[in-house]
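The data block below is protein_12.cif; it holds mmCIF, C-alpha atoms.
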data_coords
loop_
_atom_site.label_atom_id
_atom_site.label_comp_id
_atom_site.auth_asym_id
_atom_site.auth_seq_id
_atom_site.Cartn_x
_atom_site.Cartn_y
_atom_site.Cartn_z
CA MET A 1 121.62 126.99 56.95
CA GLY A 2 118.23 125.67 57.88
CA THR A 3 116.89 122.18 58.09
CA LYS A 4 115.25 121.88 54.68
CA MET A 5 116.30 118.77 52.82
CA ASP A 6 117.80 118.95 49.38
CA PHE A 7 116.15 115.93 47.80
CA GLU A 8 117.91 116.38 44.47
CA PHE A 9 121.17 115.94 46.28
CA ILE A 10 119.90 112.86 48.07
CA LYS A 11 118.70 111.31 44.82
CA GLU A 12 122.02 112.00 43.16
CA TYR A 13 124.12 110.38 45.87
CA ILE A 14 121.98 107.40 46.83
CA PRO A 15 123.96 105.05 44.51
CA LEU A 16 127.13 106.00 46.38
CA TYR A 17 125.52 104.96 49.65
CA ILE A 18 124.26 101.72 48.17
CA GLU A 19 127.81 100.84 47.08
CA ALA A 20 129.13 101.74 50.52
CA ALA A 21 126.39 99.77 52.25
CA LYS A 22 127.26 96.72 50.15
CA LEU A 23 130.87 97.01 51.25
CA THR A 24 129.88 97.45 54.91
CA VAL A 25 127.58 94.42 54.78
CA ARG A 26 130.09 92.27 52.93
CA ILE A 27 132.93 92.94 55.35
CA ALA A 28 130.63 92.58 58.36
CA LEU A 29 129.36 89.26 57.02
CA ILE A 30 132.84 87.83 56.37
CA GLY A 31 134.13 89.10 59.72
CA ILE A 32 131.16 87.79 61.66
CA LEU A 33 131.21 84.36 60.00
CA ILE A 34 134.91 83.90 60.77
CA SER A 35 134.28 85.20 64.30
CA ILE A 36 131.54 82.63 64.83
CA ALA A 37 133.79 79.78 63.67
CA LEU A 38 136.82 80.91 65.68
CA GLY A 39 134.67 81.85 68.65
CA PHE A 40 133.10 78.41 68.68
CA LEU A 41 136.50 76.76 68.58
CA LEU A 42 137.79 79.01 71.38
CA SER A 43 134.75 78.34 73.53
CA LEU A 44 135.35 74.59 73.24
CA ILE A 45 139.01 75.07 74.18
CA ARG A 46 137.93 77.05 77.22
CA TYR A 47 135.06 74.72 78.14
CA TYR A 48 137.17 71.56 78.02
CA LYS A 49 140.13 73.38 79.60
CA ILE A 50 142.58 72.00 77.04
CA PRO A 51 146.02 72.52 78.60
CA VAL A 52 148.19 75.43 77.38
CA LEU A 53 145.72 76.37 74.62
CA HIS A 54 143.20 77.19 77.36
CA ARG A 55 145.57 79.79 78.85
CA ILE A 56 146.45 81.30 75.49
CA ALA A 57 142.78 81.55 74.54
CA GLY A 58 142.00 83.21 77.88
CA GLY A 59 144.76 85.77 77.44
CA TYR A 60 143.67 86.58 73.91
CA ILE A 61 140.03 86.96 74.95
CA GLU A 62 140.89 89.41 77.74
CA LEU A 63 143.22 91.38 75.48
CA SER A 64 140.67 91.63 72.71
CA ARG A 65 137.69 92.45 74.91
CA ASN A 66 139.46 95.17 76.84
CA THR A 67 140.77 97.25 73.95
CA PRO A 68 138.88 99.32 71.36
CA LEU A 69 138.57 98.18 67.75
CA LEU A 70 139.84 101.54 66.52
CA ILE A 71 143.22 100.98 68.17
CA GLN A 72 143.37 97.40 66.94
CA LEU A 73 142.77 98.72 63.41
CA PHE A 74 145.32 101.53 63.73
CA PHE A 75 147.88 99.03 64.91
CA LEU A 76 147.14 96.75 61.94
CA TYR A 77 146.92 99.50 59.34
CA PHE A 78 149.54 102.03 60.43
CA GLY A 79 151.68 100.04 62.86
CA LEU A 80 152.30 96.68 61.20
CA PRO A 81 153.59 98.09 57.87
CA ARG A 82 156.49 99.49 59.93
CA ALA A 83 157.34 95.91 60.81
CA GLY A 84 157.10 94.93 57.16
CA ILE A 85 153.56 93.51 57.24
CA ILE A 86 151.38 95.43 54.81
CA LEU A 87 147.64 94.79 54.73
CA SER A 88 145.05 96.48 52.53
CA SER A 89 142.22 98.45 54.19
CA GLU A 90 139.86 95.62 53.50
CA ALA A 91 142.15 92.97 54.94
CA CYS A 92 142.73 95.14 58.00
CA ALA A 93 139.01 95.57 58.47
CA ILE A 94 138.35 91.84 58.28
CA VAL A 95 141.29 90.90 60.50
CA GLY A 96 140.36 93.61 63.02
CA LEU A 97 136.70 92.66 63.14
CA THR A 98 137.62 89.00 63.52
CA PHE A 99 140.14 89.75 66.26
CA LEU A 100 137.44 91.62 68.16
CA GLY A 101 134.49 89.41 67.26
CA SER A 102 135.99 85.98 68.00
CA SER A 103 136.47 86.81 71.66
CA TYR A 104 132.93 88.13 72.04
CA MET A 105 131.50 85.08 70.29
CA ALA A 106 133.70 82.75 72.38
CA GLU A 107 132.33 84.25 75.59
CA ALA A 108 128.75 83.99 74.35
CA PHE A 109 129.13 80.30 73.47
CA ARG A 110 131.09 79.49 76.61
CA SER A 111 128.43 80.97 78.88
CA GLY A 112 125.91 78.81 77.01
CA LEU A 113 128.02 75.66 77.44
CA GLU A 114 128.61 76.34 81.12
CA ALA A 115 124.93 76.98 81.75
CA VAL A 116 124.09 73.35 80.91
CA PRO A 117 124.13 71.53 84.27
CA ASP A 118 126.52 68.58 84.69
CA SER A 119 123.57 66.43 85.71
CA GLN A 120 122.35 66.65 82.09
CA LEU A 121 125.61 65.24 80.74
CA GLU A 122 125.78 62.55 83.42
CA SER A 123 122.20 61.51 82.78
CA GLY A 124 123.03 61.18 79.10
CA LEU A 125 126.02 58.96 79.86
CA SER A 126 124.05 56.83 82.29
CA LEU A 127 121.41 56.28 79.62
CA GLY A 128 124.16 54.70 77.56
CA LEU A 129 124.77 57.51 75.08
CA THR A 130 128.30 57.77 73.79
CA ARG A 131 130.33 60.88 74.64
CA PHE A 132 129.76 62.18 71.14
CA GLN A 133 126.02 61.61 71.38
CA VAL A 134 125.89 63.46 74.69
CA VAL A 135 127.58 66.43 73.07
CA ARG A 136 125.46 66.27 69.94
CA TYR A 137 122.04 65.63 71.46
CA VAL A 138 122.25 66.92 75.04
CA LEU A 139 124.93 69.60 75.38
CA MET A 140 124.78 71.46 72.06
CA PRO A 141 121.02 71.99 71.66
CA GLN A 142 120.77 73.48 75.13
CA ALA A 143 124.00 75.49 74.98
CA VAL A 144 123.11 77.01 71.61
CA THR A 145 119.64 77.98 72.79
CA ILE A 146 120.99 79.62 75.93
CA SER A 147 123.62 81.58 74.05
CA ILE A 148 121.28 83.02 71.42
CA PRO A 149 120.55 86.36 73.16
CA ALA A 150 124.27 87.03 73.73
CA PHE A 151 125.04 85.86 70.20
CA ALA A 152 122.41 88.22 68.74
CA ALA A 153 123.73 91.14 70.76
CA ASN A 154 127.22 90.37 69.44
CA VAL A 155 126.13 90.29 65.80
CA ILE A 156 124.51 93.72 66.12
CA PHE A 157 127.47 95.04 68.11
CA LEU A 158 129.90 93.85 65.41
CA ILE A 159 127.90 95.39 62.57
CA LYS A 160 127.87 98.68 64.48
CA GLU A 161 131.61 98.43 65.05
CA THR A 162 132.19 98.38 61.28
CA SER A 163 131.53 102.13 61.32
CA VAL A 164 135.11 102.73 62.46
CA PHE A 165 136.53 101.19 59.28
CA SER A 166 136.36 104.62 57.66
CA ALA A 167 139.35 105.50 59.84
CA VAL A 168 141.54 103.07 57.89
CA ALA A 169 140.39 104.51 54.56
CA LEU A 170 137.77 101.93 53.70
CA ALA A 171 135.02 103.52 51.60
CA ASP A 172 132.17 102.38 53.84
CA LEU A 173 129.00 104.27 54.82
CA MET A 174 130.72 106.45 57.38
CA TYR A 175 133.47 107.33 54.94
CA THR A 176 130.96 108.26 52.24
CA ALA A 177 129.03 110.53 54.59
CA LYS A 178 132.21 112.22 55.79
CA ASP A 179 133.32 112.69 52.21
CA LEU A 180 130.06 114.33 51.15
CA ILE A 181 130.08 116.63 54.17
CA GLY A 182 133.63 117.64 53.36
CA LEU A 183 133.04 118.15 49.63
CA TYR A 184 129.60 119.79 49.48
CA TYR A 185 128.79 120.79 53.04
CA GLU A 186 125.36 119.17 52.58
CA THR A 187 125.59 117.96 56.17
CA ASN A 188 121.91 117.27 56.85
CA GLU A 189 121.40 115.27 53.70
CA ALA A 190 124.61 113.27 54.09
CA LEU A 191 123.80 112.42 57.71
CA PHE A 192 120.18 111.64 56.90
CA MET A 193 121.22 109.07 54.31
CA LEU A 194 123.80 107.66 56.72
CA VAL A 195 121.21 107.13 59.46
CA ALA A 196 118.73 105.68 56.96
CA ALA A 197 121.34 103.25 55.64
CA TYR A 198 122.23 101.94 59.09
CA LEU A 199 118.55 101.65 60.02
CA ILE A 200 117.86 99.66 56.86
CA ILE A 201 120.72 97.29 57.67
CA LEU A 202 120.30 96.97 61.41
CA LEU A 203 116.59 97.28 62.21
CA PRO A 204 115.49 94.10 60.40
CA ILE A 205 118.30 92.16 62.08
CA SER A 206 117.38 93.58 65.47
CA ILE A 207 113.70 92.74 64.98
CA LEU A 208 114.50 89.27 63.65
CA PHE A 209 116.66 88.49 66.67
CA SER A 210 114.09 89.68 69.19
CA PHE A 211 111.60 87.39 67.44
CA VAL A 212 114.01 84.43 67.59
CA GLU A 213 114.79 85.14 71.22
CA ARG A 214 111.12 85.05 72.11
CA LYS A 215 110.74 81.76 70.21
CA VAL A 216 113.65 79.99 71.87
CA ARG A 217 112.62 81.14 75.31
CA TYR A 218 109.92 78.46 75.17
CA ALA A 219 112.70 75.91 74.92
CA GLY A 220 113.81 76.72 78.43
CA PHE A 221 112.11 74.85 81.20
CA GLY A 222 111.32 75.83 84.76
CA ASP A 223 113.99 76.25 87.37
CA MET B 224 166.60 101.31 63.25
CA GLN B 225 163.73 98.90 63.64
CA ASP B 226 164.66 97.62 67.08
CA LEU B 227 165.04 101.06 68.66
CA GLY B 228 161.63 102.37 67.71
CA ILE B 229 160.42 102.24 71.28
CA LYS B 230 162.81 105.08 72.13
CA VAL B 231 160.30 107.52 70.65
CA LEU B 232 158.22 106.91 73.74
CA PHE B 233 160.89 108.34 76.00
CA GLN B 234 161.80 111.35 73.89
CA GLY B 235 160.85 114.63 75.50
CA ARG B 236 157.46 114.51 77.17
CA ASN B 237 155.98 111.92 74.81
CA PHE B 238 154.99 109.33 77.37
CA ILE B 239 153.62 111.96 79.78
CA ARG B 240 151.60 113.43 76.90
CA LEU B 241 150.11 110.02 76.13
CA LEU B 242 149.11 109.64 79.76
CA GLU B 243 147.57 113.11 79.72
CA GLY B 244 145.61 112.07 76.63
CA LEU B 245 144.51 108.92 78.40
CA TRP B 246 143.29 111.06 81.26
CA VAL B 247 141.10 113.07 78.85
CA THR B 248 139.64 109.76 77.60
CA ILE B 249 138.95 108.56 81.14
CA GLY B 250 137.59 111.94 82.24
CA ILE B 251 135.06 112.14 79.41
CA SER B 252 134.04 108.53 80.03
CA LEU B 253 133.54 109.11 83.74
CA VAL B 254 131.46 112.26 83.24
CA ALA B 255 129.31 110.45 80.68
CA VAL B 256 128.96 107.40 82.92
CA ALA B 257 127.92 109.53 85.89
CA ILE B 258 125.24 111.28 83.83
CA SER B 259 124.16 107.96 82.29
CA ILE B 260 123.75 106.24 85.63
CA VAL B 261 121.55 109.01 87.06
CA LEU B 262 119.43 109.44 83.92
CA GLY B 263 119.45 105.70 83.20
CA ILE B 264 117.97 104.86 86.60
CA ILE B 265 115.21 107.39 85.98
CA LEU B 266 114.66 106.09 82.43
CA GLY B 267 114.61 102.49 83.64
CA MET B 268 111.90 103.30 86.16
CA ILE B 269 109.91 105.19 83.53
CA MET B 270 110.26 102.19 81.16
CA SER B 271 108.79 99.92 83.83
CA VAL B 272 105.56 101.95 83.86
CA LYS B 273 102.72 100.11 82.19
CA ASN B 274 101.49 103.01 80.06
CA PRO B 275 101.59 102.00 76.36
CA PHE B 276 102.40 105.51 75.13
CA ILE B 277 105.35 105.94 77.51
CA LYS B 278 106.47 102.42 76.65
CA ALA B 279 106.43 103.18 72.92
CA VAL B 280 108.33 106.46 73.26
CA THR B 281 111.05 105.07 75.55
CA ARG B 282 111.35 101.97 73.40
CA LEU B 283 111.82 104.09 70.27
CA TYR B 284 114.55 106.11 71.97
CA ARG B 285 116.28 103.01 73.25
CA GLU B 286 116.14 101.16 69.95
CA PHE B 287 117.34 104.13 67.91
CA VAL B 288 120.28 104.95 70.16
CA ARG B 289 121.30 101.32 70.52
CA VAL B 290 120.99 100.41 66.87
CA MET B 291 122.94 103.44 65.62
CA PRO B 292 126.72 103.07 65.73
CA GLN B 293 128.15 105.51 68.27
CA LEU B 294 130.29 107.08 65.57
CA VAL B 295 127.13 107.97 63.62
CA LEU B 296 125.64 109.56 66.74
CA LEU B 297 128.86 111.53 67.21
CA PHE B 298 128.64 112.78 63.64
CA ILE B 299 124.99 113.74 64.02
CA VAL B 300 125.71 115.79 67.12
CA TYR B 301 129.08 117.18 66.12
CA PHE B 302 128.35 118.06 62.47
CA GLY B 303 124.57 117.82 62.16
CA VAL B 304 123.41 119.78 65.19
CA THR B 305 126.09 122.36 64.63
CA LYS B 306 124.89 122.97 61.08
CA ALA B 307 121.15 122.69 61.69
CA PHE B 308 121.02 125.06 64.63
CA GLY B 309 124.06 127.17 63.92
CA ILE B 310 125.63 126.55 67.33
CA HIS B 311 129.20 125.45 67.78
CA LEU B 312 129.86 122.49 70.02
CA SER B 313 133.39 121.52 70.99
CA GLY B 314 134.32 117.91 70.38
CA GLU B 315 134.43 117.27 74.12
CA ILE B 316 130.90 118.58 74.69
CA ALA B 317 129.58 116.63 71.68
CA ALA B 318 131.26 113.51 73.06
CA VAL B 319 129.75 113.93 76.52
CA ILE B 320 126.28 114.51 74.99
CA VAL B 321 126.51 111.45 72.73
CA PHE B 322 127.94 109.11 75.33
CA SER B 323 125.38 110.27 77.88
CA LEU B 324 122.53 109.67 75.40
CA TRP B 325 123.91 106.24 74.59
CA GLY B 326 124.80 105.37 78.18
CA THR B 327 121.36 106.44 79.41
CA ALA B 328 119.70 104.10 76.92
CA GLU B 329 122.00 101.21 77.91
CA MET B 330 121.69 101.91 81.61
CA GLY B 331 117.93 102.40 81.33
CA ASP B 332 117.66 99.00 79.73
CA LEU B 333 119.79 97.40 82.44
CA VAL B 334 117.66 99.00 85.15
CA ARG B 335 114.46 97.88 83.42
CA GLY B 336 115.84 94.34 83.09
CA ALA B 337 116.92 94.26 86.73
CA LEU B 338 113.52 95.53 87.88
CA ALA B 339 111.73 92.99 85.69
CA SER B 340 113.88 90.19 87.11
CA ILE B 341 112.55 90.81 90.62
CA PRO B 342 109.77 88.22 91.08
CA LYS B 343 106.25 89.57 91.36
CA HIS B 344 105.71 88.02 94.77
CA GLN B 345 108.27 90.41 96.21
CA TYR B 346 105.96 93.32 95.39
CA GLU B 347 102.88 91.43 96.51
CA SER B 348 104.40 90.34 99.80
CA GLY B 349 105.33 93.94 100.47
CA LYS B 350 101.79 95.06 99.78
CA ALA B 351 100.40 92.25 101.92
CA ILE B 352 102.30 93.40 104.96
CA GLY B 353 100.98 96.90 104.43
CA LEU B 354 103.94 98.79 102.93
CA THR B 355 103.26 101.75 100.67
CA ASN B 356 104.54 101.68 97.10
CA LEU B 357 107.43 103.97 98.02
CA GLN B 358 108.40 101.74 100.94
CA ILE B 359 108.26 98.66 98.74
CA TYR B 360 110.74 100.29 96.37
CA ILE B 361 113.09 101.62 99.04
CA TYR B 362 113.25 98.56 101.27
CA ILE B 363 112.57 95.62 98.98
CA ILE B 364 113.06 96.30 95.30
CA ILE B 365 115.98 98.74 95.17
CA PRO B 366 118.36 96.76 97.42
CA GLN B 367 117.82 93.65 95.30
CA THR B 368 118.05 95.55 92.04
CA VAL B 369 121.32 97.22 93.00
CA ARG B 370 123.08 93.88 93.44
CA ARG B 371 122.11 92.79 89.97
CA LEU B 372 122.89 96.18 88.54
CA VAL B 373 126.30 97.13 89.92
CA PRO B 374 128.38 94.56 87.97
CA LEU B 375 126.56 95.48 84.75
CA ALA B 376 127.03 99.20 85.40
CA ILE B 377 130.77 98.62 85.96
CA ASN B 378 130.92 96.82 82.64
CA LEU B 379 129.30 99.84 81.05
CA VAL B 380 132.27 101.90 82.28
CA THR B 381 134.73 99.75 80.32
CA ARG B 382 132.51 99.87 77.24
CA MET B 383 132.36 103.64 77.61
CA ILE B 384 136.15 103.96 77.89
CA LYS B 385 136.66 101.77 74.82
CA THR B 386 134.07 103.67 72.81
CA THR B 387 135.64 106.98 73.78
CA SER B 388 138.51 106.14 71.42
CA LEU B 389 136.14 107.24 68.63
CA ILE B 390 136.29 110.89 69.66
CA ALA B 391 139.74 111.12 68.11
CA LEU B 392 137.82 111.00 64.83
CA ILE B 393 135.98 114.24 65.63
CA GLY B 394 139.20 115.93 66.58
CA VAL B 395 139.28 115.71 70.36
CA VAL B 396 142.85 115.52 71.59
CA GLU B 397 142.83 112.37 73.68
CA VAL B 398 145.19 109.43 73.85
CA VAL B 399 144.74 108.27 70.23
CA LYS B 400 145.11 111.78 68.83
CA VAL B 401 148.19 112.45 70.96
CA GLY B 402 149.58 109.18 69.62
CA GLN B 403 148.97 110.36 66.06
CA GLN B 404 150.67 113.69 66.81
CA ILE B 405 153.74 111.93 68.21
CA ILE B 406 153.88 109.64 65.18
CA GLU B 407 153.59 112.61 62.80
CA ALA B 408 156.29 114.54 64.64
CA SER B 409 158.75 111.67 64.55
CA ARG B 410 157.94 110.45 61.04
CA LEU B 411 161.48 111.20 59.82
CA THR B 412 163.51 110.48 62.93
CA VAL B 413 161.75 107.29 64.01
CA PRO B 414 159.96 105.69 61.05
CA SER B 415 158.69 102.77 63.11
CA ALA B 416 156.97 105.06 65.63
CA ALA B 417 153.48 104.03 64.46
CA LEU B 418 154.09 100.42 65.42
CA TRP B 419 155.30 101.29 68.89
CA ILE B 420 152.96 104.12 69.74
CA TYR B 421 149.82 102.26 68.68
CA GLY B 422 151.12 99.20 70.50
CA VAL B 423 151.55 101.29 73.65
CA VAL B 424 148.10 102.90 73.28
CA PHE B 425 146.63 99.41 72.84
CA PHE B 426 148.17 98.29 76.12
CA LEU B 427 147.22 101.52 77.90
CA TYR B 428 143.57 100.79 77.11
CA PHE B 429 144.05 97.23 78.29
CA ILE B 430 145.69 98.33 81.54
CA VAL B 431 142.78 100.67 82.26
CA CYS B 432 139.92 98.37 81.22
CA TYR B 433 141.13 94.97 82.41
CA PRO B 434 141.02 95.67 86.19
CA ILE B 435 137.54 97.17 85.81
CA SER B 436 136.33 94.08 83.90
CA LEU B 437 137.86 91.84 86.57
CA LEU B 438 136.08 93.79 89.30
CA ALA B 439 132.73 93.46 87.49
CA ALA B 440 133.22 89.71 87.00
CA LYS B 441 134.18 89.28 90.65
CA LEU B 442 131.18 91.20 91.97
CA GLU B 443 128.87 89.32 89.64
CA LYS B 444 130.15 86.00 90.98
CA ALA B 445 130.04 87.11 94.61
CA TRP B 446 126.47 88.42 94.44
CA LYS B 447 125.03 85.70 92.26
CA SER B 448 123.17 83.74 94.92
#
When written as structure tokens, how does the structure in this file appear?
Amino acid sequence: MGTKMDFEFIKEYIPLYIEAAKLTVRIALIGILISIALGFLLSLIRYYKIPVLHRIAGGYIELSRNTPLLIQLFFLYFGLPRAGIILSSEACAIVGLTFLGSSYMAEAFRSGLEAVPDSQLESGLSLGLTRFQVVRYVLMPQAVTISIPAFAANVIFLIKETSVFSAVALADLMYTAKDLIGLYYETNEALFMLVAAYLIILLPISILFSFVERKVRYAGFGD
Amino acid sequence: MQDLGIKVLFQGRNFIRLLEGLWVTIGISLVAVAISIVLGIILGMIMSVKNPFIKAVTRLYREFVRVMPQLVLLFIVYFGVTKAFGIHLSGEIAAVIVFSLWGTAEMGDLVRGALASIPKHQYESGKAIGLTNLQIYIYIIIPQTVRRLVPLAINLVTRMIKTTSLIALIGVVEVVKVGQQIIEASRLTVPSAALWIYGVVFFLYFIVCYPISLLAAKLEKAWKS
């Protein structure tokens, strides 16, 4: 009882947290990178309204955005093996994060693409740019700039979502903290290190993004 | 019997129990959302004050709550507070506290953003025609803010419902936990229960959240101009 910290305990278990943090960061990084790639592809499918694929992408995006990651993971980890598809915790975590993340990224990019007025594209064509040049030099720079705030919010959201991986037995930060609480009942210390670990991972990213957002805001012009 | 796994859903009261669990999820979300909206509006107005000390304190609160994963916050309240102060909180109470803290920060930020998006000349015009500060808020600022705010607040409801799935991990018996219980109970009779039950829970969440998302998108479009 009491709120005094046991620093010996903290010192002893810091390496465990560092290992767990590495795992959290690694999986988040892989998941987010795949999500960006797939999300970008999906946003193009939606933007250009490619027949059939457009509908499938829309259905997937709604399905993924309106269900919690925890259930997606449980389905992958506990449900699919019953249908003969067995994935490791790590594979589940990456597939789950990608399933969730791609739809969020797709929506962020799409809103950026749709925010570029048609007059911009038409002006480009009338200046004699090829279709590809219009996309490369007119559409993309503006769309990317506009979607940065939503993109940044998604990255932080996805890193935070990794905390549920402990539920499919992945030895991440959450899992480590839970384990230490269960084994030694050093609740304060375990939670303190957990909070510190997430702050160390997320605060710099959050600060970096708010800096970038302020920078790119200059790129916008008056409306 | 792979293809008959779905039958577990209709054994006894299983499906009713899942719906009851879903109701717990929705109930906790709604209570937390109600508290968040009230406190968030107050917080948002406080955050708009130009006092640097108040700004720093509210910003610290907002950043901390928004940067921490909700599951970490749940653990802090459910295990940490219980141990540090020697009081016992039920999982439901811990969940309502955490989701209200989180929702208030999110809502406060939305309110602050909506207030900041009102052009300055709206305030100045109000002053110029001789309205008091209170009148400016009631007749000019709040009606405009509400239109920007309502779709975002509705979205917060779906985020809240989705995040509530985490409380299964601190032992609250809601839809996910009920699902686990059903799977455990039918482990021997219906080995494929996990596939079906989690599939059903997945779609239950979708059925609840999708209409709410649609409503938010519709309102946002309708009120855009």
Closest atom pairs, chain B residues within 8 Å of chain A, only C-alpha atoms, as a Markdown table:
| residue | atom | partner | partner_atom | distance |
| --- | --- | --- | --- | --- |
| B:Gln225 | CA | A:Ala83 | CA | 7.6 |
| B:Val290 | CA | A:Leu202 | CA | 6.5 |
| B:Met291 | CA | A:Tyr198 | CA | 6.7 |
| B:Pro292 | CA | A:Lys160 | CA | 4.7 |
| B:Gln293 | CA | A:Lys160 | CA | 7.8 |
| B:Leu294 | CA | A:Ser163 | CA | 6.6 |
| B:Val295 | CA | A:Val195 | CA | 7.3 |
| B:Phe298 | CA | A:Leu191 | CA | 7.7 |
| B:Ile299 | CA | A:Leu191 | CA | 6.6 |
| B:Phe302 | CA | A:Thr187 | CA | 6.9 |
| B:Gly303 | CA | A:Asn188 | CA | 6.0 |
| B:Lys306 | CA | A:Met1 | CA | 6.6 |
| B:Ala307 | CA | A:Thr3 | CA | 5.6 |
| B:Phe308 | CA | A:Gly2 | CA | 7.3 |
| B:Gly309 | CA | A:Met1 | CA | 7.4 |
| B:Thr381 | CA | A:Asn66 | CA | 7.4 |
| B:Lys385 | CA | A:Pro68 | CA | 4.8 |
| B:Thr386 | CA | A:Pro68 | CA | 6.6 |
| B:Ser388 | CA | A:Pro68 | CA | 6.8 |
| B:Leu389 | CA | A:Leu70 | CA | 7.1 |
| B:Leu392 | CA | A:Ala167 | CA | 7.6 |
| B:Val399 | CA | A:Ile71 | CA | 7.7 |
| B:Pro414 | CA | A:Arg82 | CA | 7.2 |
| B:Ser415 | CA | A:Arg82 | CA | 5.1 |
| B:Ala416 | CA | A:Gly79 | CA | 7.8 |
| B:Ala417 | CA | A:Gly79 | CA | 4.7 |
| B:Leu418 | CA | A:Gly79 | CA | 3.5 |
| B:Trp419 | CA | A:Gly79 | CA | 7.1 |
| B:Tyr421 | CA | A:Phe75 | CA | 5.3 |
| B:Gly422 | CA | A:Phe75 | CA | 6.5 |
| B:Val424 | CA | A:Ile71 | CA | 7.3 |
| B:Phe425 | CA | A:Ile71 | CA | 6.0 |
| B:Phe426 | CA | A:Thr67 | CA | 7.8 |
| B:Tyr428 | CA | A:Thr67 | CA | 5.5 |
| B:Phe429 | CA | A:Asn66 | CA | 5.2 |
| B:Cys432 | CA | A:Asn66 | CA | 5.4 |
| B:Tyr433 | CA | A:Asn66 | CA | 5.8 |
| B:Ser436 | CA | A:Asn66 | CA | 7.8 |
*the PyMOL selection byres ((chain B and resi 393) around 8) applied to the shown file, residues as number ranges by chain*: B: 297-298, 301, 314, 389-392, 394-395
*So how far away is atom CA of B:Ile265 from atom CA of B:Trp246, in Å?*
28.7 Å
Using the file's own x, y and z axes, so that the box edges lie along x, y and z, what centre and edge lengths in Å (one decimal) does a box around every listed atom of stretch 393-412 of chain B get when 6 Å is added on each side? Give it as lines of an AutoDock Vina configuration file.
center_x = 149.7
center_y = 112.1
center_z = 66.8
size_x = 39.5
size_y = 19.7
size_z = 26.0
*Mind giving me the straight-line distance from atom CA of B:Gln345 to atom CA of B:Leu372 in Å, one decimal?*
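We find that atom CA of B:Gln345 and atom CA of B:Leu372 lie 17.5 Å from each other.
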*For atom CA of B:Arg370 and atom CA of B:Ile277, the interatomic separation in Å (one decimal)*: 26.7 Å
